[in-house]
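**Q** What follows is a structure written as structure tokens; I'll ask about it next.
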Amino acid sequence: MTAADRSSQWIDRIYQPFQRFLALEASSSLLLLSMAVLALAWANSPWAESYQHWLHLPLAVRIGGFELALSFGHFVNDALMGIFFFVVGMEIKRELAIGELSSYSKALLPAIAALGGMVIPAGIYAALHWGEPTIRGWGVPMATDIAFAVAALSVFGARVPSGLKVFLLALAIGDDIGAVAVIAVFYTADVSIPWLAWAVGGLLFTLAMNFSGVRSYSVYFVVGGLVWLAMHESGVHATIAGVALGLLTPARPLDPVPDRTTLVQLGIGWLEKLGDAIEGDDDHAGHARHRITRQVHAAARSTLSPIDELTNVLHPWVAFVIMPLFALCNAGVALDVSALSESVAARVSLGIGLGLLIGKPIGITFFAWLAVRAGLAQLPRGVTWPQIVATGFLAGIGFTVALFVASLAFSDPGHGAAAKVGILLGSVCAIVVGVAGLARTLPRVD
């Protein structure tokens with residue numbers, strides 16, 4: 001064995017465990033949870049001041065007389081989370097175009113259940129804060145963290161009926177649509193009409209590029225960045241730009257895809273030419289290899305829609321960089337019991353915790369039952385009502401989106417900290433009850 005072979009094996013031993021880790025469905029949720037725990041420990045340690053200093057580290061971009069100044073925490077919440085919501089927008093678009101929300105019969109049950117899972121938690125919170133400034137937090141317990149919920153369900157592997165997986169995914173997508181609408185309508189500051197007009201103009205320009213046949217992702221990246229900037233300056237939360245751009249992304253291949261036989265024949269022909277070019281050592285052979293490789297790559301890409309390609313590219317960055325950074329920036333709550341002794345702060349935590357733990361499963365189950373009872377929908381094959389209840393508890397894992405909405409809803413630091421405590425406690429209890437319920441209700445697999 002040569003030195004190069006030994007070096008390659010040594011590198012593989014190091015790299016393969018990381019590769020397997022990245023391939024695990026629940027690994028992103030494990031990393032997300034680890035960052036949340038780290039943030040909690042950091043914010044309650046003797047180095048808590050350094051945590052706050054890190055969050056408020058100033059960042060700025062200046063172009064002529066224009067300046068965009070953000071703290072590091074706001075950069076994560078406004079800019080990086082814009083990419084997260086862009087992926088969310090693409091997922092919504094795919095489900096609406098070709099997925100589980102593409103037909104009335106498929107979409108109705110999870111859509112109605114999702115509505116219940118938003119209305120009842122918001123109602124529980126509002127009942128505790130009616131007539132008070134903290135009523136703005138009603139949108140916090142409406143959110144479901146799809147990554148944690150799906151990861152918890154995937155723990156049971158083959159025991160989970162396919163209909164239950166589809167129900168939870170479609171429910172979470174419906175929940176995402178509701179969360180985006182709530183953020184856009186109810187958690188928007190004073191709006192600058194000129195900047196908003198520029199943002200809308202940028203979205204229309206993006207749509208025009210789609211129809212005119214522009215295929216370069218770099219052009220869309222530049223236009224999308226300008227749309228984000230205009231939305232940020234308009235007062236509408238900048239992440240809405242990400243959702244809008246995701247919804248404008250085509251869900252089907254842009255160019256006609258050759259039929260299977262033609263594509264296979266073309267591929268065989270190109271590979272034979274590539275084999276001939278590999279045998280040559282002159283400069284001409286090198287150019288030929290490059291040209292043929294690009295043709296093969298272009299043919300393979302033609303079978304993918306922009307949503308497929310961009311989701312595959314961006315999902316690892318969102319799952320393993322952006323969301324963990326978001327958790328690290330937003331889960332750092334100084335756990336001061338005396339602060340929760342204040343009546344309003346305690347009710348903020350209670351309202352959010354009860355909304356996630358109790359409101360979510362009640363709302364989802366009751367609204368789904370009403371839909372079935374009224375003959376509007378039926379339970380998926382192999383799915384029982386106890387499984388729906390347990391899945392409703394999993395939908396009470398708010399975490400990422402709930403923390404995001406809380407950062408928009410509360411300007412008072414004490415109320416914001418109380419909200420985060422409610423989110424963390426409610427989500428932890430929801431996942432424990434949901435997993436225990438599924439363990440009892442899912443069929444055994446021999």
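Ordering of the structure tokens sets the chain letters (A, B, ...), residue numbers begin anew at 1 in every chain, and ligands are numbered from 1 in the order given.
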Residues of segment 96-244 of chain A in helix (DSSP H, G or I) according to DSSP, as a ChimeraX atom specification?
**A** /A:96-97,104-129,133-142,146-154,157-159,162-186,193-212,217-234,239-244
**Q** Between A:Pro413, A:Gly225, A:Gly139, A:Gly64, which is the closest to Pro121 of chain A once you count only C-alpha atoms?
**A**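 The answer is A:Gly139, which sits nearest to Pro121 of chain A.
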**Q** Please list as a list in words every residue within 10 Å of Arg381 of chain A, counting only C-alpha atoms and excluding residues in the same chain fewer than 2 positions away.
**A**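 Answer for this query is Pro161, Ser162, Gly163, Leu164, Gln378, Leu379, Val383 and Thr384 of chain A.
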**Q** What's around Trp130 of chain A at 12 Å? Count only C-alpha atoms, leave out sequence neighbours fewer than 6 positions away in its own chain, and write the answer as a ChimeraX atom specification.
**A** /A:122-124,136-138,344,347-348,351
**Q** Atom CA of Gly392 of chain A to atom CA of Met90 of chain A: how many Å, to one decimal?
**A** 24.4 Å
**Q** Taking a cut-off of 10 Å and counting only C-alpha atoms, can you build a table that, for each residue of segment 150-263 of chain A near segment 306-325 of chain A, reports the nearest atom pair and how far apart they are in Å (one decimal), sorted by chain then residue number, as a tab-separated table?
**A**
```
residue	atom	partner	partner_atom	distance
A:Arg215	CA	A:Pro306	CA	9.3
A:Tyr217	CA	A:Pro306	CA	9.1
A:Gly246	CA	A:Ile307	CA	8.2
A:Leu247	CA	A:Ile307	CA	9.6
A:Leu248	CA	A:Ile307	CA	9.7
A:Thr249	CA	A:Ile307	CA	6.2
A:Pro250	CA	A:Pro306	CA	5.9
A:Ala251	CA	A:Ile307	CA	5.4
A:Arg252	CA	A:Pro306	CA	7.2
A:Pro253	CA	A:Pro306	CA	6.7
A:Leu254	CA	A:Pro306	CA	7.6
```
**Q** Go ahead and dump the residues you just picked, C-alpha atoms, as a PDB file, in the first residue's frame.
**A**
```pdb
ATOM      1  CA  ARG A 215     -31.597  30.678 -15.955  1.00  0.00           C
ATOM      2  CA  TYR A 217     -28.924  31.658 -10.341  1.00  0.00           C
ATOM      3  CA  GLY A 246     -39.414  30.959  -2.368  1.00  0.00           C
ATOM      4  CA  LEU A 247     -43.019  31.017  -3.589  1.00  0.00           C
ATOM      5  CA  LEU A 248     -41.848  32.469  -6.919  1.00  0.00           C
ATOM      6  CA  THR A 249     -39.314  29.661  -7.448  1.00  0.00           C
ATOM      7  CA  PRO A 250     -40.519  27.223 -10.165  1.00  0.00           C
ATOM      8  CA  ALA A 251     -41.518  23.793  -8.871  1.00  0.00           C
ATOM      9  CA  ARG A 252     -41.009  22.089 -12.240  1.00  0.00           C
ATOM     10  CA  PRO A 253     -38.003  21.937 -14.606  1.00  0.00           C
ATOM     11  CA  LEU A 254     -37.616  25.145 -16.587  1.00  0.00           C
TER      12      LEU A 254
END
```
**Q** Between atom CA of Ala334 of chain A and atom CA of Leu354 of chain A, what is the spacing in Å?
**A**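 So the two atoms, atom CA of Leu354 of chain A and atom CA of Ala334 of chain A, lie 21.1 Å apart.
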